[in-house]
>>> print(open('entry-v7.pdb').read())   # PDB, C-alpha atoms
ATOM      1  CA  MET E  24     119.375  -4.739-103.884  1.00  0.00           C
ATOM      2  CA  LYS E  25     119.071  -6.771-107.027  1.00  0.00           C
ATOM      3  CA  VAL E  26     118.114  -5.242-110.333  1.00  0.00           C
ATOM      4  CA  SER E  27     115.547  -7.513-111.931  1.00  0.00           C
ATOM      5  CA  SER E  28     115.130  -8.135-115.637  1.00  0.00           C
ATOM      6  CA  LYS E  29     112.483  -5.408-115.632  1.00  0.00           C
ATOM      7  CA  GLY E  30     115.004  -2.796-114.449  1.00  0.00           C
ATOM      8  CA  GLU E  31     117.683  -3.988-116.853  1.00  0.00           C
ATOM      9  CA  TYR E  32     115.291  -4.076-119.814  1.00  0.00           C
ATOM     10  CA  ALA E  33     113.863  -0.660-118.964  1.00  0.00           C
ATOM     11  CA  LEU E  34     117.354   0.828-119.047  1.00  0.00           C
ATOM     12  CA  ARG E  35     118.046  -0.932-122.372  1.00  0.00           C
ATOM     13  CA  ALA E  36     114.852   0.555-123.818  1.00  0.00           C
ATOM     14  CA  LEU E  37     115.685   4.040-122.514  1.00  0.00           C
ATOM     15  CA  LEU E  38     119.145   3.770-124.079  1.00  0.00           C
ATOM     16  CA  GLN E  39     117.651   2.844-127.446  1.00  0.00           C
ATOM     17  CA  LEU E  40     115.228   5.750-127.258  1.00  0.00           C
ATOM     18  CA  GLY E  41     118.074   8.042-126.212  1.00  0.00           C
ATOM     19  CA  ASN E  42     120.183   6.874-129.148  1.00  0.00           C
ATOM     20  CA  HIS E  43     117.331   7.934-131.440  1.00  0.00           C
ATOM     21  CA  GLN E  44     116.252  11.021-129.533  1.00  0.00           C
ATOM     22  CA  GLY E  45     113.565  13.059-131.222  1.00  0.00           C
ATOM     23  CA  ASN E  46     112.471  10.091-133.342  1.00  0.00           C
ATOM     24  CA  VAL E  47     109.660   7.655-132.703  1.00  0.00           C
ATOM     25  CA  LEU E  48     110.859   4.050-132.412  1.00  0.00           C
ATOM     26  CA  GLY E  49     108.441   1.207-132.994  1.00  0.00           C
ATOM     27  CA  ILE E  50     108.198  -1.489-130.380  1.00  0.00           C
ATOM     28  CA  GLN E  51     109.424  -4.102-132.884  1.00  0.00           C
ATOM     29  CA  GLU E  52     112.663  -2.167-133.431  1.00  0.00           C
ATOM     30  CA  ILE E  53     113.189  -1.614-129.698  1.00  0.00           C
ATOM     31  CA  SER E  54     112.539  -5.313-129.098  1.00  0.00           C
ATOM     32  CA  GLU E  55     115.078  -6.366-131.719  1.00  0.00           C
ATOM     33  CA  LYS E  56     117.773  -4.013-130.425  1.00  0.00           C
ATOM     34  CA  THR E  57     117.266  -4.849-126.738  1.00  0.00           C
ATOM     35  CA  LEU E  58     116.573  -8.582-127.133  1.00  0.00           C
ATOM     36  CA  VAL E  59     113.399  -8.211-125.058  1.00  0.00           C
ATOM     37  CA  SER E  60     110.132  -9.842-126.116  1.00  0.00           C
ATOM     38  CA  ILE E  61     107.514  -7.448-127.457  1.00  0.00           C
ATOM     39  CA  HIS E  62     104.994  -8.607-124.842  1.00  0.00           C
ATOM     40  CA  TYR E  63     107.330  -7.909-121.900  1.00  0.00           C
ATOM     41  CA  LEU E  64     108.596  -4.688-123.483  1.00  0.00           C
ATOM     42  CA  GLU E  65     105.026  -3.383-123.824  1.00  0.00           C
ATOM     43  CA  GLN E  66     104.541  -3.790-120.072  1.00  0.00           C
ATOM     44  CA  ILE E  67     107.821  -2.054-119.282  1.00  0.00           C
ATOM     45  CA  LEU E  68     107.233   0.825-121.697  1.00  0.00           C
ATOM     46  CA  LEU E  69     103.732   1.338-120.303  1.00  0.00           C
ATOM     47  CA  GLN E  70     105.222   1.661-116.823  1.00  0.00           C
ATOM     48  CA  LEU E  71     107.923   4.041-118.100  1.00  0.00           C
ATOM     49  CA  LYS E  72     105.176   6.091-119.755  1.00  0.00           C
ATOM     50  CA  LYS E  73     103.145   6.266-116.522  1.00  0.00           C
ATOM     51  CA  LEU E  74     106.299   7.387-114.707  1.00  0.00           C
ATOM     52  CA  GLY E  75     106.864  10.185-117.254  1.00  0.00           C
ATOM     53  CA  TYR E  76     110.075   8.915-118.858  1.00  0.00           C
ATOM     54  CA  VAL E  77     108.625   8.100-122.292  1.00  0.00           C
ATOM     55  CA  THR E  78     105.704   9.118-124.440  1.00  0.00           C
ATOM     56  CA  SER E  79     103.953   7.191-127.177  1.00  0.00           C
ATOM     57  CA  LYS E  80     102.481   7.898-130.571  1.00  0.00           C
ATOM     58  CA  ARG E  81      99.695   5.810-132.062  1.00  0.00           C
ATOM     59  CA  GLY E  82      99.232   4.773-135.635  1.00  0.00           C
ATOM     60  CA  ALA E  83     101.101   3.038-138.415  1.00  0.00           C
ATOM     61  CA  LYS E  84     104.249   5.045-137.709  1.00  0.00           C
ATOM     62  CA  GLY E  85     103.659   4.961-133.971  1.00  0.00           C
ATOM     63  CA  GLY E  86     105.977   3.952-131.217  1.00  0.00           C
ATOM     64  CA  TYR E  87     107.835   5.489-128.322  1.00  0.00           C
ATOM     65  CA  MET E  88     110.207   8.357-127.655  1.00  0.00           C
ATOM     66  CA  LEU E  89     111.789   9.954-124.612  1.00  0.00           C
ATOM     67  CA  GLN E  90     109.582  12.443-122.811  1.00  0.00           C
ATOM     68  CA  LYS E  91     112.555  14.008-121.010  1.00  0.00           C
ATOM     69  CA  GLU E  92     116.030  14.977-122.107  1.00  0.00           C
ATOM     70  CA  PRO E  93     118.619  12.253-121.385  1.00  0.00           C
ATOM     71  CA  ARG E  94     120.430  14.584-118.946  1.00  0.00           C
ATOM     72  CA  GLU E  95     117.170  14.831-116.936  1.00  0.00           C
ATOM     73  CA  ILE E  96     116.745  11.075-116.534  1.00  0.00           C
ATOM     74  CA  ASN E  97     118.490   9.989-113.350  1.00  0.00           C
ATOM     75  CA  ILE E  98     119.325   6.280-113.300  1.00  0.00           C
ATOM     76  CA  GLY E  99     118.884   6.061-109.519  1.00  0.00           C
ATOM     77  CA  GLU E 100     115.352   7.412-109.828  1.00  0.00           C
ATOM     78  CA  VAL E 101     114.514   5.019-112.657  1.00  0.00           C
ATOM     79  CA  ILE E 102     115.738   2.022-110.664  1.00  0.00           C
ATOM     80  CA  ARG E 103     113.904   3.133-107.507  1.00  0.00           C
ATOM     81  CA  ASP E 104     110.711   3.797-109.480  1.00  0.00           C
ATOM     82  CA  LEU E 105     110.827   0.335-111.033  1.00  0.00           C
ATOM     83  CA  GLU E 106     112.562  -1.800-108.405  1.00  0.00           C
ATOM     84  CA  GLY E 107     111.965  -0.094-105.079  1.00  0.00           C
ATOM     85  CA  PRO E 108     114.617   0.776-102.485  1.00  0.00           C
ATOM     86  CA  LEU E 109     118.320   0.562-103.280  1.00  0.00           C
ATOM     87  CA  SER E 110     119.152  -0.943 -99.898  1.00  0.00           C
ATOM     88  CA  PRO E 111     120.108  -4.633 -99.787  1.00  0.00           C
ATOM     89  CA  MET E 112     118.297  -5.042 -96.455  1.00  0.00           C
ATOM     90  CA  SER E 113     115.100  -3.360 -95.237  1.00  0.00           C
ATOM     91  CA  CYS E 114     116.687  -2.440 -91.888  1.00  0.00           C
ATOM     92  CA  ALA E 115     119.171  -0.217 -93.767  1.00  0.00           C
ATOM     93  CA  SER E 116     116.622   1.306 -96.144  1.00  0.00           C
ATOM     94  CA  ILE E 117     115.938   5.025 -95.978  1.00  0.00           C
ATOM     95  CA  THR E 118     112.755   4.972 -98.056  1.00  0.00           C
ATOM     96  CA  LYS E 119     111.271   1.594 -96.960  1.00  0.00           C
ATOM     97  CA  TYR E 120     112.793   1.023 -93.515  1.00  0.00           C
ATOM     98  CA  GLU E 121     111.576  -2.015 -91.608  1.00  0.00           C
ATOM     99  CA  PRO E 122     112.877  -2.705 -88.106  1.00  0.00           C
ATOM    100  CA  CYS E 123     114.634  -5.953 -87.235  1.00  0.00           C
ATOM    101  CA  PRO E 124     114.499  -7.603 -83.794  1.00  0.00           C
ATOM    102  CA  LEU E 125     118.312  -7.833 -83.787  1.00  0.00           C
ATOM    103  CA  GLU E 126     118.843  -4.240 -84.821  1.00  0.00           C
ATOM    104  CA  GLY E 127     119.795  -2.822 -81.411  1.00  0.00           C
ATOM    105  CA  GLY E 128     123.190  -4.500 -81.307  1.00  0.00           C
ATOM    106  CA  CYS E 129     123.431  -5.483 -84.951  1.00  0.00           C
ATOM    107  CA  GLN E 130     126.965  -5.480 -86.258  1.00  0.00           C
ATOM    108  CA  LEU E 131     125.823  -5.977 -89.859  1.00  0.00           C
ATOM    109  CA  LYS E 132     123.686  -2.849 -90.218  1.00  0.00           C
ATOM    110  CA  PRO E 133     126.691  -0.527 -90.791  1.00  0.00           C
ATOM    111  CA  LEU E 134     127.798  -2.813 -93.629  1.00  0.00           C
ATOM    112  CA  TRP E 135     124.337  -2.862 -95.243  1.00  0.00           C
ATOM    113  CA  SER E 136     124.123   0.903 -94.851  1.00  0.00           C
ATOM    114  CA  MET E 137     127.501   1.343 -96.564  1.00  0.00           C
ATOM    115  CA  VAL E 138     126.399  -0.938 -99.417  1.00  0.00           C
ATOM    116  CA  ARG E 139     123.197   1.107 -99.778  1.00  0.00           C
ATOM    117  CA  ASP E 140     125.100   4.395 -99.731  1.00  0.00           C
ATOM    118  CA  THR E 141     127.629   3.166-102.304  1.00  0.00           C
ATOM    119  CA  ILE E 142     124.936   1.967-104.692  1.00  0.00           C
ATOM    120  CA  ALA E 143     123.032   5.232-104.237  1.00  0.00           C
ATOM    121  CA  PHE E 144     126.225   7.269-104.715  1.00  0.00           C
ATOM    122  CA  VAL E 145     126.828   5.752-108.149  1.00  0.00           C
ATOM    123  CA  LEU E 146     123.249   5.514-109.434  1.00  0.00           C
ATOM    124  CA  GLU E 147     122.135   8.963-108.232  1.00  0.00           C
ATOM    125  CA  ARG E 148     125.078  10.596-109.996  1.00  0.00           C
ATOM    126  CA  THR E 149     124.423   8.847-113.294  1.00  0.00           C
ATOM    127  CA  THR E 150     122.081  10.103-115.981  1.00  0.00           C
ATOM    128  CA  LEU E 151     120.904   8.515-119.188  1.00  0.00           C
ATOM    129  CA  GLU E 152     123.121  11.032-120.977  1.00  0.00           C
ATOM    130  CA  ASP E 153     126.145   9.716-119.053  1.00  0.00           C
ATOM    131  CA  LEU E 154     125.386   6.210-120.307  1.00  0.00           C
ATOM    132  CA  LEU E 155     124.759   7.374-123.863  1.00  0.00           C
ATOM    133  CA  LEU E 156     128.089   9.242-123.936  1.00  0.00           C
ATOM    134  CA  ASN E 157     130.030   6.405-122.251  1.00  0.00           C
ATOM    135  CA  ARG E 158     130.982   8.594-119.295  1.00  0.00           C
ATOM    136  CA  ILE E 159     130.985   5.722-116.825  1.00  0.00           C
ATOM    137  CA  THR E 160     134.434   4.929-115.505  1.00  0.00           C
ATOM    138  CA  LYS E 161     135.711   2.675-112.771  1.00  0.00           C
ATOM    139  CA  LEU E 162     136.333   4.028-109.300  1.00  0.00           C
ATOM    140  CA  GLU E 163     139.939   4.976-108.714  1.00  0.00           C
ATOM    141  CA  GLY E 164     142.115   6.630-106.125  1.00  0.00           C
ATOM    142  CA  GLU E 165     140.173   8.475-103.483  1.00  0.00           C
ATOM    143  CA  ASP E 166     136.868   7.124-104.758  1.00  0.00           C
ATOM    144  CA  VAL E 167     137.756   3.689-103.359  1.00  0.00           C
ATOM    145  CA  ILE E 168     135.940   2.936-100.134  1.00  0.00           C
ATOM    146  CA  VAL E 169     138.378   1.963 -97.431  1.00  0.00           C
ATOM    147  CA  VAL E 170     137.431  -0.159 -94.428  1.00  0.00           C
ATOM    148  CA  LYS E 171     139.727   0.324 -91.414  1.00  0.00           C
ATOM    149  CA  SER E 172     140.516  -2.694 -89.299  1.00  0.00           C
ATOM    150  CA  SER E 173     141.005  -2.565 -85.544  1.00  0.00           C
ATOM    151  CA  SER E 174     144.770  -2.893 -86.073  1.00  0.00           C
ATOM    152  CA  GLY E 175     144.771   0.316 -88.065  1.00  0.00           C
ATOM    153  CA  SER E 176     145.502  -1.361 -91.388  1.00  0.00           C
ATOM    154  CA  THR E 177     143.113  -0.829 -94.244  1.00  0.00           C
ATOM    155  CA  GLY E 178     141.240  -3.264 -96.389  1.00  0.00           C
ATOM    156  CA  ASP E 179     141.166  -1.452 -99.683  1.00  0.00           C
ATOM    157  CA  GLY E 180     140.451  -4.456-101.856  1.00  0.00           C
ATOM    158  CA  LYS E 181     144.090  -4.657-103.019  1.00  0.00           C
ATOM    159  CA  ASN E 182     146.091  -7.812-102.445  1.00  0.00           C
ATOM    160  CA  SER E 183     149.408  -7.206-100.700  1.00  0.00           C
TER
END
>>> encode(input="entry-v7.pdb", output="structure tokens")
Amino acid sequence: MKVSSKGEYALRALLQLGNHQGNVLGIQEISEKTLVSIHYLEQILLQLKKLGYVTSKRGAKGGYMLQKEPREINIGEVIRDLEGPLSPMSCASITKYEPCPLEGGCQLKPLWSMVRDTIAFVLERTTLEDLLLNRITKLEGEDVIVVKSSSGSTGDGKNS
């Protein structure tokens, strides 16, 4: 799974709107604060509007604002809506599964499934409000995913 510029820019725009919740922000201001061209931003905001995340107001003082509360905007849903499945490989996807001719004895599928589950674990538990309030922290302690080797030792990402 790779988040494209569209996904990144959509999250930037949602953050700007969340930082000014209840106020209408013009596309020029959003563009300046997110460093996204107005033309590309218009396309992204239109898609976010169709998906129900933002609403727009026409006129001289028109622009965009959040349609939902920041706590109701799930980052995993936003990314899936814009980018598609979270899985790095279609054979490990839950929502867009595609079989592979090597799948029967594939030794990579458990890895791709773990990557998918880890990405989903983080994104599905994160809301726009979490981002706005800087609640994102690094994984520590028991949150670290441990891979057991055949010898019984663990590969926990720490150098010994």
>>> resolve_selection(input="entry-v7.pdb", expression="the PyMOL selection byres ((chain E and resi 96) around 10)", output="short mmCIF file (atom, residue, chain, number, x, y, z; two decimals) with C-alpha atoms, keeping the file's coordinate frame")
data_model
loop_
_atom_site.label_atom_id
_atom_site.label_comp_id
_atom_site.auth_asym_id
_atom_site.auth_seq_id
_atom_site.Cartn_x
_atom_site.Cartn_y
_atom_site.Cartn_z
CA LEU E 37 115.68 4.04 -122.51
CA GLY E 75 106.86 10.18 -117.25
CA TYR E 76 110.08 8.91 -118.86
CA LEU E 89 111.79 9.95 -124.61
CA GLN E 90 109.58 12.44 -122.81
CA LYS E 91 112.56 14.01 -121.01
CA GLU E 92 116.03 14.98 -122.11
CA PRO E 93 118.62 12.25 -121.38
CA ARG E 94 120.43 14.58 -118.95
CA GLU E 95 117.17 14.83 -116.94
CA ASN E 97 118.49 9.99 -113.35
CA ILE E 98 119.32 6.28 -113.30
CA GLY E 99 118.88 6.06 -109.52
CA GLU E 100 115.35 7.41 -109.83
CA VAL E 101 114.51 5.02 -112.66
CA THR E 149 124.42 8.85 -113.29
CA THR E 150 122.08 10.10 -115.98
CA LEU E 151 120.90 8.52 -119.19
CA GLU E 152 123.12 11.03 -120.98
CA ASP E 153 126.14 9.72 -119.05
#
>>> closest_residue(input="entry-v7.pdb", among="E:Val138, E:Thr160, E:Arg148, E:Val47", to="E:Thr78", atoms="only C-alpha atoms")
E:Val47
>>> residues_around(input="entry-v7.pdb", residues="stretch 108-119 of chain E", least_positions_apart="6", cutoff="12 Å", atoms="only C-alpha atoms", output="count of residues only")
29
>>> residues_around(input="entry-v7.pdb", residues="E:Ile53", least_positions_apart="2", cutoff="12 Å", atoms="only C-alpha atoms", output="PyMOL selection string")
chain E and resi 32-43+47-51+55-65+67-68+86-88
>>> atom_distance(input="entry-v7.pdb", atom1="atom CA of E:Ser54", atom2="atom CA of E:Gln66")
12.2 Å
>>> atom_distance(input="entry-v7.pdb", atom1="atom CA of E:Ser28", atom2="atom CA of E:Leu155")
20.0 Å
>>> closest_residue(input="entry-v7.pdb", among="E:Gly30, E:Gly45, E:Gly85, E:Gly107", to="E:Leu71", atoms="only C-alpha atoms")
E:Gly30
>>> atom_distance(input="entry-v7.pdb", atom1="atom CA of E:Ile159", atom2="atom CA of E:Arg103")
19.6 Å
>>> decode(input="entry-v7.pdb", residues="stretch 79-101 of chain E", atoms="N, CA, C and O atoms", output="PDB file, in the first residue's frame")
ATOM      1  N   SER E  79     -19.443  22.484   0.943  1.00  0.00           N
ATOM      2  CA  SER E  79     -18.960  23.729   0.349  1.00  0.00           C
ATOM      3  C   SER E  79     -20.034  24.802   0.409  1.00  0.00           C
ATOM      4  O   SER E  79     -21.218  24.514   0.537  1.00  0.00           O
ATOM      5  N   LYS E  80     -19.548  26.029   0.319  1.00  0.00           N
ATOM      6  CA  LYS E  80     -20.436  27.195   0.301  1.00  0.00           C
ATOM      7  C   LYS E  80     -20.024  28.043  -0.889  1.00  0.00           C
ATOM      8  O   LYS E  80     -18.842  28.323  -1.081  1.00  0.00           O
ATOM      9  N   ARG E  81     -20.984  28.443  -1.685  1.00  0.00           N
ATOM     10  CA  ARG E  81     -20.696  29.258  -2.864  1.00  0.00           C
ATOM     11  C   ARG E  81     -20.683  30.736  -2.512  1.00  0.00           C
ATOM     12  O   ARG E  81     -21.151  31.135  -1.468  1.00  0.00           O
ATOM     13  N   GLY E  82     -20.156  31.501  -3.433  1.00  0.00           N
ATOM     14  CA  GLY E  82     -20.195  32.950  -3.273  1.00  0.00           C
ATOM     15  C   GLY E  82     -18.845  33.557  -2.964  1.00  0.00           C
ATOM     16  O   GLY E  82     -17.828  32.867  -2.859  1.00  0.00           O
ATOM     17  N   ALA E  83     -18.868  34.874  -2.785  1.00  0.00           N
ATOM     18  CA  ALA E  83     -17.636  35.626  -2.548  1.00  0.00           C
ATOM     19  C   ALA E  83     -16.918  35.168  -1.281  1.00  0.00           C
ATOM     20  O   ALA E  83     -15.703  35.173  -1.213  1.00  0.00           O
ATOM     21  N   LYS E  84     -17.665  34.786  -0.279  1.00  0.00           N
ATOM     22  CA  LYS E  84     -17.070  34.297   0.966  1.00  0.00           C
ATOM     23  C   LYS E  84     -17.221  32.783   1.055  1.00  0.00           C
ATOM     24  O   LYS E  84     -17.294  32.214   2.136  1.00  0.00           O
ATOM     25  N   GLY E  85     -17.250  32.145  -0.104  1.00  0.00           N
ATOM     26  CA  GLY E  85     -17.426  30.701  -0.162  1.00  0.00           C
ATOM     27  C   GLY E  85     -16.144  29.947   0.106  1.00  0.00           C
ATOM     28  O   GLY E  85     -15.072  30.511   0.246  1.00  0.00           O
ATOM     29  N   GLY E  86     -16.293  28.658   0.180  1.00  0.00           N
ATOM     30  CA  GLY E  86     -15.159  27.787   0.423  1.00  0.00           C
ATOM     31  C   GLY E  86     -15.636  26.452   0.946  1.00  0.00           C
ATOM     32  O   GLY E  86     -16.728  25.993   0.615  1.00  0.00           O
ATOM     33  N   TYR E  87     -14.839  25.860   1.798  1.00  0.00           N
ATOM     34  CA  TYR E  87     -15.109  24.522   2.304  1.00  0.00           C
ATOM     35  C   TYR E  87     -15.053  24.483   3.818  1.00  0.00           C
ATOM     36  O   TYR E  87     -14.384  25.293   4.445  1.00  0.00           O
ATOM     37  N   MET E  88     -15.764  23.519   4.383  1.00  0.00           N
ATOM     38  CA  MET E  88     -15.701  23.243   5.813  1.00  0.00           C
ATOM     39  C   MET E  88     -15.995  21.766   6.033  1.00  0.00           C
ATOM     40  O   MET E  88     -16.528  21.093   5.145  1.00  0.00           O
ATOM     41  N   LEU E  89     -15.610  21.262   7.194  1.00  0.00           N
ATOM     42  CA  LEU E  89     -15.880  19.864   7.504  1.00  0.00           C
ATOM     43  C   LEU E  89     -17.378  19.630   7.586  1.00  0.00           C
ATOM     44  O   LEU E  89     -18.115  20.451   8.134  1.00  0.00           O
ATOM     45  N   GLN E  90     -17.813  18.489   7.075  1.00  0.00           N
ATOM     46  CA  GLN E  90     -19.221  18.118   7.187  1.00  0.00           C
ATOM     47  C   GLN E  90     -19.439  17.263   8.430  1.00  0.00           C
ATOM     48  O   GLN E  90     -20.547  17.180   8.948  1.00  0.00           O
ATOM     49  N   LYS E  91     -18.373  16.627   8.916  1.00  0.00           N
ATOM     50  CA  LYS E  91     -18.446  15.780  10.098  1.00  0.00           C
ATOM     51  C   LYS E  91     -17.539  16.353  11.175  1.00  0.00           C
ATOM     52  O   LYS E  91     -16.627  17.129  10.894  1.00  0.00           O
ATOM     53  N   GLU E  92     -17.765  15.929  12.388  1.00  0.00           N
ATOM     54  CA  GLU E  92     -16.871  16.294  13.485  1.00  0.00           C
ATOM     55  C   GLU E  92     -15.539  15.571  13.282  1.00  0.00           C
ATOM     56  O   GLU E  92     -15.518  14.435  12.801  1.00  0.00           O
ATOM     57  N   PRO E  93     -14.417  16.188  13.659  1.00  0.00           N
ATOM     58  CA  PRO E  93     -13.121  15.529  13.500  1.00  0.00           C
ATOM     59  C   PRO E  93     -13.040  14.143  14.152  1.00  0.00           C
ATOM     60  O   PRO E  93     -12.399  13.241  13.626  1.00  0.00           O
ATOM     61  N   ARG E  94     -13.728  13.943  15.277  1.00  0.00           N
ATOM     62  CA  ARG E  94     -13.694  12.635  15.941  1.00  0.00           C
ATOM     63  C   ARG E  94     -14.440  11.568  15.138  1.00  0.00           C
ATOM     64  O   ARG E  94     -14.267  10.375  15.365  1.00  0.00           O
ATOM     65  N   GLU E  95     -15.278  11.994  14.180  1.00  0.00           N
ATOM     66  CA  GLU E  95     -16.048  11.063  13.350  1.00  0.00           C
ATOM     67  C   GLU E  95     -15.352  10.726  12.036  1.00  0.00           C
ATOM     68  O   GLU E  95     -15.831   9.887  11.277  1.00  0.00           O
ATOM     69  N   ILE E  96     -14.238  11.375  11.771  1.00  0.00           N
ATOM     70  CA  ILE E  96     -13.512  11.125  10.519  1.00  0.00           C
ATOM     71  C   ILE E  96     -12.361  10.172  10.800  1.00  0.00           C
ATOM     72  O   ILE E  96     -11.363  10.534  11.418  1.00  0.00           O
ATOM     73  N   ASN E  97     -12.542   8.939  10.356  1.00  0.00           N
ATOM     74  CA  ASN E  97     -11.569   7.871  10.558  1.00  0.00           C
ATOM     75  C   ASN E  97     -10.548   7.902   9.420  1.00  0.00           C
ATOM     76  O   ASN E  97     -10.928   7.842   8.248  1.00  0.00           O
ATOM     77  N   ILE E  98      -9.292   7.978   9.759  1.00  0.00           N
ATOM     78  CA  ILE E  98      -8.233   8.107   8.750  1.00  0.00           C
ATOM     79  C   ILE E  98      -8.159   6.855   7.865  1.00  0.00           C
ATOM     80  O   ILE E  98      -7.948   6.957   6.654  1.00  0.00           O
ATOM     81  N   GLY E  99      -8.369   5.691   8.439  1.00  0.00           N
ATOM     82  CA  GLY E  99      -8.390   4.464   7.636  1.00  0.00           C
ATOM     83  C   GLY E  99      -9.462   4.490   6.570  1.00  0.00           C
ATOM     84  O   GLY E  99      -9.233   4.093   5.420  1.00  0.00           O
ATOM     85  N   GLU E 100     -10.637   4.991   6.933  1.00  0.00           N
ATOM     86  CA  GLU E 100     -11.734   5.094   5.959  1.00  0.00           C
ATOM     87  C   GLU E 100     -11.399   6.096   4.862  1.00  0.00           C
ATOM     88  O   GLU E 100     -11.662   5.850   3.690  1.00  0.00           O
ATOM     89  N   VAL E 101     -10.830   7.228   5.252  1.00  0.00           N
ATOM     90  CA  VAL E 101     -10.469   8.249   4.263  1.00  0.00           C
ATOM     91  C   VAL E 101      -9.474   7.673   3.256  1.00  0.00           C
ATOM     92  O   VAL E 101      -9.662   7.791   2.033  1.00  0.00           O
TER      93      VAL E 101
END
